[in-house]
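Pasted below: structure06.cif, mmCIF, C-alpha atoms and all ligand atoms.
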```
data_data
#
loop_
_atom_site.group_PDB
_atom_site.id
_atom_site.type_symbol
_atom_site.label_atom_id
_atom_site.label_comp_id
_atom_site.auth_asym_id
_atom_site.auth_seq_id
_atom_site.Cartn_x
_atom_site.Cartn_y
_atom_site.Cartn_z
ATOM 1 C CA MET H 1 -45.674 37.303 -246.873
ATOM 2 C CA LEU H 2 -46.216 41.089 -246.851
ATOM 3 C CA PRO H 3 -49.443 41.044 -244.833
ATOM 4 C CA SER H 4 -52.578 42.775 -246.091
ATOM 5 C CA THR H 5 -52.919 44.418 -242.706
ATOM 6 C CA SER H 6 -49.267 45.498 -242.717
ATOM 7 C CA SER H 7 -48.419 47.929 -239.922
ATOM 8 C CA ASP H 8 -46.986 50.070 -242.720
ATOM 9 C CA PRO H 9 -49.886 50.708 -245.080
ATOM 10 C CA VAL H 10 -47.587 52.440 -247.554
ATOM 11 C CA SER H 11 -45.653 49.209 -248.089
ATOM 12 C CA TYR H 12 -48.964 47.439 -248.531
ATOM 13 C CA THR H 13 -49.578 49.696 -251.540
ATOM 14 C CA ALA H 14 -46.782 47.800 -253.303
ATOM 15 C CA ARG H 15 -48.912 44.649 -253.185
ATOM 16 C CA ILE H 16 -51.945 46.456 -254.562
ATOM 17 C CA VAL H 17 -49.856 47.673 -257.496
ATOM 18 C CA ALA H 18 -48.521 44.135 -258.061
ATOM 19 C CA ALA H 19 -52.103 42.809 -258.023
ATOM 20 C CA LYS H 20 -53.165 45.349 -260.645
ATOM 21 C CA ARG H 21 -50.164 44.377 -262.787
ATOM 22 C CA ALA H 22 -51.147 40.738 -262.348
ATOM 23 C CA LEU H 23 -54.689 41.520 -263.564
ATOM 24 C CA GLU H 24 -53.265 43.376 -266.562
ATOM 25 C CA GLN H 25 -51.742 40.070 -267.707
ATOM 26 C CA SER H 26 -55.295 38.794 -268.416
ATOM 27 C CA HIS H 27 -56.179 41.832 -270.547
ATOM 28 C CA PRO H 28 -56.612 40.930 -274.247
ATOM 29 C CA ASN H 29 -53.925 43.541 -275.087
ATOM 30 C CA PRO H 30 -51.683 43.888 -272.035
ATOM 31 C CA LEU H 31 -49.568 47.048 -272.064
ATOM 32 C CA PHE H 32 -46.579 45.128 -270.630
ATOM 33 C CA LYS H 33 -45.596 41.617 -269.619
ATOM 34 C CA ASP H 34 -44.898 40.975 -265.954
ATOM 35 C CA PRO H 35 -44.759 37.228 -265.353
ATOM 36 C CA TYR H 36 -43.806 37.750 -261.681
ATOM 37 C CA ALA H 37 -46.709 39.979 -260.657
ATOM 38 C CA VAL H 38 -49.138 37.135 -259.864
ATOM 39 C CA LEU H 39 -46.629 35.504 -257.531
ATOM 40 C CA LEU H 40 -45.797 38.770 -255.765
ATOM 41 C CA ALA H 41 -49.404 39.885 -255.421
ATOM 42 C CA GLY H 42 -50.351 36.688 -253.572
ATOM 43 C CA ASP H 43 -53.972 36.670 -252.417
ATOM 44 C CA GLU H 44 -54.374 40.388 -253.139
ATOM 45 C CA VAL H 45 -55.737 39.609 -256.638
ATOM 46 C CA THR H 46 -58.538 37.527 -255.144
ATOM 47 C CA ASN H 47 -59.205 40.182 -252.497
ATOM 48 C CA LEU H 48 -59.467 42.981 -255.063
ATOM 49 C CA LEU H 49 -61.707 40.928 -257.336
ATOM 50 C CA ALA H 50 -64.061 40.100 -254.465
ATOM 51 C CA LYS H 51 -64.293 43.801 -253.606
ATOM 52 C CA TRP H 52 -64.856 44.841 -257.206
ATOM 53 C CA ARG H 53 -67.518 42.161 -257.777
ATOM 54 C CA GLU H 54 -69.407 43.780 -254.952
ATOM 55 C CA VAL H 55 -68.943 47.254 -256.524
ATOM 56 C CA ALA H 56 -70.188 45.937 -259.886
ATOM 57 C CA ARG H 57 -73.241 44.399 -258.204
ATOM 58 C CA ARG H 58 -74.004 47.537 -256.209
ATOM 59 C CA GLN H 59 -73.583 49.880 -259.177
ATOM 60 C CA ASP H 60 -75.145 47.445 -261.639
ATOM 61 C CA ARG H 61 -72.145 47.678 -263.959
ATOM 62 C CA PRO H 62 -70.232 44.960 -265.820
ATOM 63 C CA LEU H 63 -67.360 43.607 -263.688
ATOM 64 C CA LYS H 64 -64.995 44.047 -266.624
ATOM 65 C CA ASP H 65 -65.646 47.816 -266.625
ATOM 66 C CA VAL H 66 -64.977 48.045 -262.902
ATOM 67 C CA ILE H 67 -61.713 46.138 -263.365
ATOM 68 C CA ALA H 68 -60.754 48.275 -266.387
ATOM 69 C CA LYS H 69 -61.381 51.490 -264.491
ATOM 70 C CA ARG H 70 -59.466 50.437 -261.399
ATOM 71 C CA THR H 71 -56.438 48.931 -263.112
ATOM 72 C CA ARG H 72 -55.882 51.219 -266.083
ATOM 73 C CA TYR H 73 -53.823 53.881 -264.342
ATOM 74 C CA ILE H 74 -51.271 51.339 -263.122
ATOM 75 C CA ALA H 75 -51.220 49.703 -266.575
ATOM 76 C CA VAL H 76 -50.610 53.020 -268.333
ATOM 77 C CA ARG H 77 -48.087 54.145 -265.727
ATOM 78 C CA THR H 78 -46.095 50.903 -265.942
ATOM 79 C CA CYS H 79 -46.017 51.191 -269.720
ATOM 80 C CA PHE H 80 -44.922 54.861 -269.484
ATOM 81 C CA PHE H 81 -42.027 53.988 -267.153
ATOM 82 C CA ASP H 82 -41.049 50.959 -269.283
ATOM 83 C CA ASP H 83 -40.894 53.179 -272.381
ATOM 84 C CA LEU H 84 -38.947 55.898 -270.564
ATOM 85 C CA LEU H 85 -36.424 53.367 -269.250
ATOM 86 C CA GLY H 86 -36.158 51.547 -272.585
ATOM 87 C CA SER H 87 -35.387 54.757 -274.457
ATOM 88 C CA ALA H 88 -32.855 55.902 -271.809
ATOM 89 C CA LEU H 89 -31.015 52.578 -272.034
ATOM 90 C CA ARG H 90 -30.623 52.981 -275.792
ATOM 91 C CA GLU H 91 -28.499 56.076 -275.115
ATOM 92 C CA PRO H 92 -24.770 55.453 -274.767
ATOM 93 C CA GLY H 93 -23.474 55.944 -271.230
ATOM 94 C CA LEU H 94 -26.726 55.443 -269.288
ATOM 95 C CA SER H 95 -26.030 52.171 -267.533
ATOM 96 C CA GLN H 96 -26.854 53.059 -263.935
ATOM 97 C CA VAL H 97 -30.493 52.899 -262.793
ATOM 98 C CA VAL H 98 -31.906 53.746 -259.359
ATOM 99 C CA ILE H 99 -35.488 52.768 -258.544
ATOM 100 C CA LEU H 100 -36.661 54.617 -255.436
ATOM 101 C CA GLY H 101 -39.665 53.107 -253.654
ATOM 102 C CA SER H 102 -39.245 50.092 -255.932
ATOM 103 C CA GLY H 103 -41.832 48.011 -254.092
ATOM 104 C CA LEU H 104 -42.658 44.899 -256.105
ATOM 105 C CA ASP H 105 -41.310 46.341 -259.364
ATOM 106 C CA THR H 106 -39.807 43.442 -261.342
ATOM 107 C CA ARG H 107 -37.904 45.332 -264.024
ATOM 108 C CA ALA H 108 -34.615 43.887 -262.741
ATOM 109 C CA PHE H 109 -35.960 40.467 -263.771
ATOM 110 C CA ARG H 110 -38.154 41.166 -266.759
ATOM 111 C CA PHE H 111 -36.214 43.852 -268.650
ATOM 112 C CA ASP H 112 -33.829 43.174 -271.484
ATOM 113 C CA TRP H 113 -30.858 44.938 -269.844
ATOM 114 C CA PRO H 114 -27.770 45.966 -271.769
ATOM 115 C CA LEU H 115 -24.688 44.119 -270.496
ATOM 116 C CA LEU H 116 -23.294 45.422 -267.179
ATOM 117 C CA THR H 117 -26.248 47.671 -266.328
ATOM 118 C CA ARG H 118 -26.330 48.332 -262.602
ATOM 119 C CA VAL H 119 -29.803 48.498 -261.047
ATOM 120 C CA TYR H 120 -30.294 49.789 -257.492
ATOM 121 C CA GLU H 121 -33.600 49.465 -255.667
ATOM 122 C CA VAL H 122 -34.389 51.364 -252.476
ATOM 123 C CA ASP H 123 -37.407 50.608 -250.285
ATOM 124 C CA HIS H 124 -38.312 49.581 -246.747
ATOM 125 C CA PRO H 125 -36.454 46.395 -245.715
ATOM 126 C CA GLU H 126 -39.611 44.297 -245.287
ATOM 127 C CA VAL H 127 -40.693 45.024 -248.871
ATOM 128 C CA LEU H 128 -37.285 44.136 -250.316
ATOM 129 C CA ASN H 129 -37.045 41.003 -248.143
ATOM 130 C CA TYR H 130 -40.478 39.865 -249.281
ATOM 131 C CA LYS H 131 -39.508 40.305 -252.938
ATOM 132 C CA VAL H 132 -36.225 38.418 -252.460
ATOM 133 C CA ARG H 133 -38.090 35.548 -250.790
ATOM 134 C CA VAL H 134 -40.808 35.267 -253.428
ATOM 135 C CA LEU H 135 -38.410 35.581 -256.362
ATOM 136 C CA GLN H 136 -35.626 33.473 -254.852
ATOM 137 C CA ASN H 137 -35.585 31.129 -257.862
ATOM 138 C CA SER H 138 -35.433 33.934 -260.418
ATOM 139 C CA VAL H 139 -32.257 35.519 -261.663
ATOM 140 C CA PRO H 140 -32.058 39.251 -262.413
ATOM 141 C CA ALA H 141 -30.732 40.070 -265.852
ATOM 142 C CA CYS H 142 -28.639 42.985 -264.567
ATOM 143 C CA GLN H 143 -26.248 43.732 -261.736
ATOM 144 C CA HIS H 144 -28.812 44.090 -258.997
ATOM 145 C CA PHE H 145 -28.436 45.849 -255.625
ATOM 146 C CA LEU H 146 -31.113 46.143 -252.948
ATOM 147 C CA ILE H 147 -30.726 49.041 -250.527
ATOM 148 C CA PRO H 148 -33.044 49.056 -247.516
ATOM 149 C CA GLY H 149 -33.778 52.598 -246.386
ATOM 150 C CA ASP H 150 -36.259 55.247 -245.432
ATOM 151 C CA LEU H 151 -36.767 57.675 -248.309
ATOM 152 C CA ALA H 152 -38.567 60.117 -246.028
ATOM 153 C CA ASP H 153 -35.401 60.487 -243.960
ATOM 154 C CA LEU H 154 -34.269 64.103 -244.226
ATOM 155 C CA GLN H 155 -30.660 63.011 -243.632
ATOM 156 C CA ALA H 156 -30.900 60.621 -246.633
ATOM 157 C CA GLU H 157 -28.999 57.811 -244.898
ATOM 158 C CA TRP H 158 -29.960 55.532 -247.801
ATOM 159 C CA VAL H 159 -27.419 57.340 -249.992
ATOM 160 C CA LYS H 160 -24.614 55.710 -247.991
ATOM 161 C CA GLY H 161 -25.917 52.293 -249.036
ATOM 162 C CA LEU H 162 -26.040 53.398 -252.645
ATOM 163 C CA LEU H 163 -22.442 54.681 -252.603
ATOM 164 C CA GLU H 164 -21.205 51.551 -250.776
ATOM 165 C CA GLN H 165 -22.659 49.446 -253.581
ATOM 166 C CA GLY H 166 -20.696 51.345 -256.231
ATOM 167 C CA PHE H 167 -23.113 54.067 -257.354
ATOM 168 C CA GLN H 168 -21.141 56.708 -259.298
ATOM 169 C CA ALA H 169 -22.509 60.234 -258.971
ATOM 170 C CA GLN H 170 -20.306 61.424 -261.849
ATOM 171 C CA SER H 171 -21.969 58.973 -264.286
ATOM 172 C CA PRO H 172 -25.438 59.776 -265.632
ATOM 173 C CA THR H 173 -28.245 57.939 -263.891
ATOM 174 C CA VAL H 174 -31.796 56.898 -264.714
ATOM 175 C CA TRP H 175 -33.990 57.540 -261.667
ATOM 176 C CA LEU H 176 -37.461 56.003 -261.405
ATOM 177 C CA LEU H 177 -39.878 57.282 -258.759
ATOM 178 C CA GLU H 178 -43.025 55.388 -259.641
ATOM 179 C CA GLY H 179 -45.873 55.759 -257.159
ATOM 180 C CA LEU H 180 -43.593 57.220 -254.507
ATOM 181 C CA LEU H 181 -43.616 61.018 -254.142
ATOM 182 C CA MET H 182 -47.283 61.289 -253.114
ATOM 183 C CA TYR H 183 -46.611 59.085 -250.069
ATOM 184 C CA LEU H 184 -43.903 61.363 -248.648
ATOM 185 C CA PRO H 185 -44.455 64.326 -246.318
ATOM 186 C CA GLU H 186 -43.809 67.568 -248.238
ATOM 187 C CA PRO H 187 -40.396 68.371 -246.640
ATOM 188 C CA SER H 188 -39.243 64.809 -247.387
ATOM 189 C CA ALA H 189 -40.419 64.978 -250.997
ATOM 190 C CA HIS H 190 -38.382 68.169 -251.517
ATOM 191 C CA ALA H 191 -35.370 66.755 -249.665
ATOM 192 C CA LEU H 192 -35.486 63.617 -251.807
ATOM 193 C CA LEU H 193 -35.616 65.608 -255.051
ATOM 194 C CA LYS H 194 -32.730 67.766 -253.843
ATOM 195 C CA THR H 195 -30.630 64.733 -252.873
ATOM 196 C CA LEU H 196 -31.155 62.837 -256.104
ATOM 197 C CA SER H 197 -30.529 65.988 -258.118
ATOM 198 C CA GLU H 198 -27.186 66.524 -256.355
ATOM 199 C CA LEU H 199 -26.298 62.922 -257.233
ATOM 200 C CA SER H 200 -27.219 63.393 -260.912
ATOM 201 C CA SER H 201 -24.712 64.453 -263.527
ATOM 202 C CA ALA H 202 -25.909 66.310 -266.635
ATOM 203 C CA GLY H 203 -27.817 64.050 -269.014
ATOM 204 C CA SER H 204 -29.366 61.968 -266.222
ATOM 205 C CA VAL H 205 -32.989 60.956 -266.756
ATOM 206 C CA LEU H 206 -35.809 61.061 -264.209
ATOM 207 C CA GLY H 207 -39.227 59.442 -264.427
ATOM 208 C CA LEU H 208 -41.871 60.119 -261.829
ATOM 209 C CA ASP H 209 -45.572 60.323 -261.302
ATOM 210 C CA SER H 210 -47.181 62.882 -259.102
ATOM 211 C CA VAL H 211 -50.649 64.014 -258.119
ATOM 212 C CA THR H 212 -52.075 67.520 -257.778
ATOM 213 C CA GLY H 213 -52.813 69.206 -254.466
ATOM 214 C CA GLY H 214 -56.522 68.794 -255.263
ATOM 215 C CA SER H 215 -56.087 65.032 -255.613
ATOM 216 C CA VAL H 216 -54.374 64.850 -252.220
ATOM 217 C CA ALA H 217 -57.222 66.834 -250.644
ATOM 218 C CA ALA H 218 -59.808 64.573 -252.298
ATOM 219 C CA ALA H 219 -57.913 61.445 -251.259
ATOM 220 C CA GLN H 220 -57.602 62.608 -247.678
ATOM 221 C CA SER H 221 -61.310 63.307 -247.439
ATOM 222 C CA ALA H 222 -61.866 59.772 -248.777
ATOM 223 C CA ARG H 223 -60.486 58.615 -245.423
ATOM 224 C CA LYS H 224 -63.829 59.433 -243.907
ATOM 225 C CA ASN H 225 -65.770 56.789 -245.744
ATOM 226 C CA ASP H 226 -62.819 54.384 -246.011
ATOM 227 C CA ARG H 227 -62.702 54.764 -249.754
ATOM 228 C CA GLY H 228 -59.513 53.924 -251.604
ATOM 229 C CA ARG H 229 -57.194 52.208 -249.155
ATOM 230 C CA VAL H 230 -54.181 53.222 -251.212
ATOM 231 C CA VAL H 231 -54.869 56.879 -251.906
ATOM 232 C CA ARG H 232 -55.803 57.556 -248.287
ATOM 233 C CA HIS H 233 -52.061 57.749 -247.568
ATOM 234 C CA TRP H 234 -51.218 60.435 -250.116
ATOM 235 C CA GLU H 235 -49.481 63.446 -248.607
ATOM 236 C CA PHE H 236 -47.549 65.320 -251.282
ATOM 237 C CA GLY H 237 -49.211 67.028 -254.214
ATOM 238 C CA CYS H 238 -47.799 69.279 -256.900
ATOM 239 C CA ASP H 239 -49.709 71.380 -259.414
ATOM 240 C CA ASP H 240 -46.759 72.272 -261.645
ATOM 241 C CA PRO H 241 -44.172 69.459 -261.933
ATOM 242 C CA LYS H 242 -42.298 71.319 -264.689
ATOM 243 C CA GLU H 243 -41.634 74.248 -262.387
ATOM 244 C CA LEU H 244 -40.899 71.991 -259.414
ATOM 245 C CA LEU H 245 -38.262 70.041 -261.335
ATOM 246 C CA ALA H 246 -36.771 73.136 -262.976
ATOM 247 C CA SER H 247 -35.954 74.378 -259.469
ATOM 248 C CA TYR H 248 -33.754 71.259 -259.042
ATOM 249 C CA GLY H 249 -32.055 71.578 -262.457
ATOM 250 C CA TRP H 250 -34.280 69.329 -264.604
ATOM 251 C CA SER H 251 -36.124 70.009 -267.835
ATOM 252 C CA ALA H 252 -39.398 68.075 -267.744
ATOM 253 C CA GLU H 253 -42.048 66.885 -270.184
ATOM 254 C CA VAL H 254 -45.354 66.342 -268.435
ATOM 255 C CA SER H 255 -48.294 64.261 -269.640
ATOM 256 C CA GLN H 256 -51.488 62.942 -268.160
ATOM 257 C CA PRO H 257 -52.370 59.262 -268.027
ATOM 258 C CA GLN H 258 -55.547 59.761 -270.005
ATOM 259 C CA GLU H 259 -53.511 61.236 -272.913
ATOM 260 C CA VAL H 260 -51.028 58.347 -272.797
ATOM 261 C CA GLY H 261 -53.749 55.764 -272.180
ATOM 262 C CA LYS H 262 -56.103 56.963 -274.915
ATOM 263 C CA ALA H 263 -53.579 55.846 -277.510
ATOM 264 C CA HIS H 264 -53.992 52.325 -276.087
ATOM 265 C CA GLY H 265 -57.790 52.534 -275.909
ATOM 266 C CA ARG H 266 -57.783 52.595 -272.099
ATOM 267 C CA TYR H 267 -59.898 55.726 -271.589
ATOM 268 C CA PRO H 268 -63.005 55.134 -273.729
ATOM 269 C CA GLN H 269 -66.006 57.424 -273.305
ATOM 270 C CA SER H 270 -67.939 54.491 -271.876
ATOM 271 C CA ILE H 271 -65.591 54.445 -268.850
ATOM 272 C CA PRO H 272 -65.081 58.135 -268.034
ATOM 273 C CA ILE H 273 -62.358 59.380 -265.737
ATOM 274 C CA GLU H 274 -64.728 61.447 -263.557
ATOM 275 C CA ALA H 275 -64.997 60.306 -259.963
ATOM 276 C CA GLU H 276 -61.595 58.610 -259.934
ATOM 277 C CA VAL H 277 -59.878 60.113 -256.917
ATOM 278 C CA GLY H 278 -56.754 60.954 -258.873
ATOM 279 C CA GLY H 279 -58.832 61.674 -261.935
ATOM 280 C CA HIS H 280 -59.257 64.763 -264.021
ATOM 281 C CA GLN H 281 -62.128 66.537 -262.339
ATOM 282 C CA ASP H 282 -62.056 70.064 -260.970
ATOM 283 C CA GLU H 283 -58.520 70.562 -259.767
ATOM 284 C CA ARG H 284 -57.690 66.853 -259.457
ATOM 285 C CA GLY H 285 -55.096 65.253 -261.656
ATOM 286 C CA VAL H 286 -52.157 62.905 -262.069
ATOM 287 C CA TRP H 287 -48.943 63.705 -263.898
ATOM 288 C CA LEU H 288 -46.539 61.400 -265.700
ATOM 289 C CA VAL H 289 -43.186 63.117 -265.909
ATOM 290 C CA HIS H 290 -40.074 62.475 -268.043
ATOM 291 C CA ALA H 291 -37.213 64.809 -267.147
ATOM 292 C CA ARG H 292 -33.603 65.371 -268.154
ATOM 293 C CA LYS H 293 -30.898 66.915 -265.973
ATOM 294 C CA THR H 294 -29.649 69.971 -267.755
ATOM 295 C CA GLN H 295 -26.715 70.875 -265.521
ATOM 296 C CA ALA H 296 -24.361 68.961 -263.241
HETATM 297 C C1 LIG H 301 -47.390 52.486 -254.507
HETATM 298 S S1 LIG H 301 -45.971 51.553 -254.107
HETATM 299 C C2 LIG H 301 -45.149 51.601 -255.684
HETATM 300 C C3 LIG H 301 -44.084 50.544 -255.793
HETATM 301 C C4 LIG H 301 -43.366 50.470 -257.129
HETATM 302 N N1 LIG H 301 -42.657 51.667 -257.473
HETATM 303 C C5 LIG H 301 -44.332 50.095 -258.216
HETATM 304 O O1 LIG H 301 -44.724 50.975 -259.002
HETATM 305 O O2 LIG H 301 -44.704 48.927 -258.274
HETATM 306 C C6 LIG H 301 -45.023 52.704 -253.115
HETATM 307 C C7 LIG H 301 -43.722 52.133 -252.653
HETATM 308 O O3 LIG H 301 -42.966 53.176 -252.044
HETATM 309 C C8 LIG H 301 -42.378 52.681 -250.866
HETATM 310 N N2 LIG H 301 -42.199 53.785 -249.931
HETATM 311 C C9 LIG H 301 -43.105 54.721 -249.554
HETATM 312 N N3 LIG H 301 -42.578 55.536 -248.628
HETATM 313 C C10 LIG H 301 -41.321 55.095 -248.421
HETATM 314 C C11 LIG H 301 -40.269 55.520 -247.573
HETATM 315 N N4 LIG H 301 -40.418 56.534 -246.732
HETATM 316 N N5 LIG H 301 -39.084 54.859 -247.602
HETATM 317 C C12 LIG H 301 -38.921 53.801 -248.444
HETATM 318 N N6 LIG H 301 -39.892 53.349 -249.274
HETATM 319 C C13 LIG H 301 -41.062 53.989 -249.248
HETATM 320 C C14 LIG H 301 -43.403 51.691 -250.327
HETATM 321 O O4 LIG H 301 -42.817 50.778 -249.412
HETATM 322 C C15 LIG H 301 -43.884 51.034 -251.606
HETATM 323 O O5 LIG H 301 -43.114 49.923 -251.953
#
```

Would you mind writing the structure in this file as structure tokens?
Amino acid sequence: MLPSTSSDPVSYTARIVAAKRALEQSHPNPLFKDPYAVLLAGDEVTNLLAKWREVARRQDRPLKDVIAKRTRYIAVRTCFFDDLLGSALREPGLSQVVILGSGLDTRAFRFDWPLLTRVYEVDHPEVLNYKVRVLQNSVPACQHFLIPGDLADLQAEWVKGLLEQGFQAQSPTVWLLEGLLMYLPEPSAHALLKTLSELSSAGSVLGLDSVTGGSVAAAQSARKNDRGRVVRHWEFGCDDPKELLASYGWSAEVSQPQEVGKAHGRYPQSIPIEAEVGGHQDERGVWLVHARKTQA
């Protein structure tokens, strides 16, 4: 089991995300179906609920509002990435997908993949091993390759694994970086974007989420009172993802989760976004980005 007190707290974040996806399955209108999330989250669902019950008691708020507020970003983000991937796969020629920092993402198992789609996942070995163990009786519906590697590595050794498993840089690729960039040191985040851009032929698609510099500052100061075990590890922020990606040859559309989530009723006035660490207050914010490679 990926322990709650993992020596690598960034890998532990994968379990928190899985737990939030598991909780989304009990929502009256779930934004996606992930039948594997409960299994992968293990006792993290119970742990989160115990913590949130205490928050609800302390703040004298309904538990359901506390759950809604603390799970909605992951629900909206998952739905955003599902939609982005679904629309990319309807395009002819996009049959190669690389999920960087895949964590406990189960798209390889739960997506309706076109025949012969190749899906590569890169993450720390202990995260990938845990997923393989828990899902050992499930069969991916794609050609599935797991590449253990360190995505902060400036030499990008993980690329060797990708190429050895048949990745074709001359074919367009769908890249998913969901909940990853903010955990990388700034030089590594830039090196990663540069590497994947060099591996992307024109027409490739990139989905990522990113937080602003203000969110990173707010998250880091949360360390002091031990608030937000996940966001405490954020390092990389970006205030203009469009400009950032343009510098690597991508044309990006940028939205905010509250815009995407409002359409699904997830950001009602009764549960405002203020005070969420990544939320839209002062200079804080989260971006959901859908980009297209414009040149080879
Ligand atoms: C917040 S989780 C998100 C996981 C997954 N994308 C999802 O949305 O469910 C971040 C993931 O990035 C991985 N990660 C962070 N830094 C990494 C690094 N330097 N090398 C490889 N994986 C890394 C973590 O192990 C973790 O699985």

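You can rank H:Glu178, H:Glu164, H:Glu126, H:Glu44 by their closest distance to ligand LIG 301 (chain H) using all atoms listed in the file, and at the top of that list sits H:Glu178.
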
Please write the residues picked by the PyMOL selection byres (((chain H and resi 183) around 8) and not hetatm) on this file as a PyMOL selection string.
-> chain H and resi 10+179-182+184-185+233-236

Which residue gives the smallest distance to ligand LIG 301 (chain H) among H:Gly86, H:Pro62, H:Pro172, H:Pro187, with all atoms listed in the file counted?
->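 Looking only at the distances to ligand LIG 301 (chain H), the closest residue turns out to be H:Pro187.
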
Suppose a student applies the PyMOL selection byres (((chain H and resi 69-77) around 10) and not hetatm) to this structure; what residues should they get, written as a CSV table (one decimal) with C-alpha atoms, keeping the file's coordinate frame?
```csv
chain,number,residue,atom,x,y,z
H,16,ILE,CA,-51.9,46.5,-254.6
H,17,VAL,CA,-49.9,47.7,-257.5
H,18,ALA,CA,-48.5,44.1,-258.1
H,19,ALA,CA,-52.1,42.8,-258.0
H,20,LYS,CA,-53.2,45.3,-260.6
H,21,ARG,CA,-50.2,44.4,-262.8
H,22,ALA,CA,-51.1,40.7,-262.3
H,23,LEU,CA,-54.7,41.5,-263.6
H,24,GLU,CA,-53.3,43.4,-266.6
H,25,GLN,CA,-51.7,40.1,-267.7
H,30,PRO,CA,-51.7,43.9,-272.0
H,31,LEU,CA,-49.6,47.0,-272.1
H,32,PHE,CA,-46.6,45.1,-270.6
H,48,LEU,CA,-59.5,43.0,-255.1
H,52,TRP,CA,-64.9,44.8,-257.2
H,63,LEU,CA,-67.4,43.6,-263.7
H,64,LYS,CA,-65.0,44.0,-266.6
H,65,ASP,CA,-65.6,47.8,-266.6
H,66,VAL,CA,-65.0,48.0,-262.9
H,67,ILE,CA,-61.7,46.1,-263.4
H,68,ALA,CA,-60.8,48.3,-266.4
H,78,THR,CA,-46.1,50.9,-265.9
H,79,CYS,CA,-46.0,51.2,-269.7
H,80,PHE,CA,-44.9,54.9,-269.5
H,81,PHE,CA,-42.0,54.0,-267.2
H,82,ASP,CA,-41.0,51.0,-269.3
H,83,ASP,CA,-40.9,53.2,-272.4
H,178,GLU,CA,-43.0,55.4,-259.6
H,179,GLY,CA,-45.9,55.8,-257.2
H,208,LEU,CA,-41.9,60.1,-261.8
H,209,ASP,CA,-45.6,60.3,-261.3
H,256,GLN,CA,-51.5,62.9,-268.2
H,257,PRO,CA,-52.4,59.3,-268.0
H,258,GLN,CA,-55.5,59.8,-270.0
H,259,GLU,CA,-53.5,61.2,-272.9
H,260,VAL,CA,-51.0,58.3,-272.8
H,261,GLY,CA,-53.7,55.8,-272.2
H,262,LYS,CA,-56.1,57.0,-274.9
H,264,HIS,CA,-54.0,52.3,-276.1
H,266,ARG,CA,-57.8,52.6,-272.1
H,267,TYR,CA,-59.9,55.7,-271.6
H,271,ILE,CA,-65.6,54.4,-268.8
H,272,PRO,CA,-65.1,58.1,-268.0
H,273,ILE,CA,-62.4,59.4,-265.7
H,276,GLU,CA,-61.6,58.6,-259.9
H,278,GLY,CA,-56.8,61.0,-258.9
H,279,GLY,CA,-58.8,61.7,-261.9
H,286,VAL,CA,-52.2,62.9,-262.1
H,287,TRP,CA,-48.9,63.7,-263.9
H,288,LEU,CA,-46.5,61.4,-265.7
```

Using all atoms listed in the file, which residue out of H:Leu177, H:Ala141, H:Ile99, H:Ala219 lies closest to Leu116 of chain H?
->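 Ranked by minimum distance to Leu116 of chain H, first place goes to H:Ala141.
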
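For the choices H:Pro35, H:Pro125, H:Gly93, H:Gly285, the atom-to-atom distance to ligand LIG 301 (chain H) is smallest for H:Pro125 when using only C-alpha atoms and all ligand atoms.
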
Check which residues satisfy the PyMOL selection byres (((chain H and resi 145) around 12) and not hetatm) in the file shown, then give them as an NGL selection string.
-> :H and (96-99 or 102 or 108 or 117-123 or 128 or 132 or 140-144 or 146-148 or 161-167)

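Across H:Asp240, H:Asp34, H:Glu54, H:Glu198, the tightest approach to ligand LIG 301 (chain H) is made by H:Asp34 when counting all atoms listed in the file.
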
Centre, x/y/z edge lengths, axis-aligned box for ligand LIG 301 (chain H) with 5 Å per side, as AutoDock Vina command-line options:
```
--center_x -43.2 --center_y 52.7 --center_z -252.9 --size_x 18.5 --size_y 17.6 --size_z 22.3
```

List as a ChimeraX atom specification: which residues have an atom within 9 Å of (-40.1, 59.8, -243.3), counting only C-alpha atoms?
-> /H:150-154,184-185,188

Using only C-alpha atoms and all ligand atoms, the residue out of H:Val139, H:Trp175, H:Phe111, H:Ala252 with shortest distance to ligand LIG 301 (chain H) is H:Trp175

To one decimal place, how far is atom CA of Leu39 of chain H from atom CA of Leu100 of chain H in Å?
->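 Atom-to-atom, atom CA of Leu39 of chain H to atom CA of Leu100 of chain H, that is 21.7 Å.
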
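Taking atom C6 of ligand LIG 301 (chain H) and atom CA of Tyr12 of chain H as endpoints, the distance between them is 8.0 Å.
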
Hey, what's within 8 Å of Ser197 of chain H if we count all atoms listed in the file and toss same-chain stuff fewer than 3 positions away? As a PDB file with C-alpha atoms, in the coordinates of the input, please?
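What follows is the written file around_30.pdb:
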```pdb
ATOM      1  CA  LEU H 193     -35.616  65.608-255.051  1.00  0.00           C
ATOM      2  CA  LYS H 194     -32.730  67.766-253.843  1.00  0.00           C
ATOM      3  CA  SER H 200     -27.219  63.393-260.912  1.00  0.00           C
ATOM      4  CA  TYR H 248     -33.754  71.259-259.042  1.00  0.00           C
ATOM      5  CA  GLY H 249     -32.055  71.578-262.457  1.00  0.00           C
ATOM      6  CA  LYS H 293     -30.898  66.915-265.973  1.00  0.00           C
TER       7      LYS H 293
END
```

Using all atoms listed in the file, determine which residues lie at most 7 Å from Thr212 of chain H, disregarding the query and same-chain residues fewer than 4 positions distant; provide the list as a PDB file with C-alpha atoms, in the coordinates of the input.
```pdb
ATOM      1  CA  VAL H 216     -54.374  64.850-252.220  1.00  0.00           C
ATOM      2  CA  GLY H 237     -49.211  67.028-254.214  1.00  0.00           C
ATOM      3  CA  CYS H 238     -47.799  69.279-256.900  1.00  0.00           C
ATOM      4  CA  ASP H 239     -49.709  71.380-259.414  1.00  0.00           C
ATOM      5  CA  ARG H 284     -57.690  66.853-259.457  1.00  0.00           C
ATOM      6  CA  GLY H 285     -55.096  65.253-261.656  1.00  0.00           C
ATOM      7  CA  VAL H 286     -52.157  62.905-262.069  1.00  0.00           C
TER       8      VAL H 286
END
```
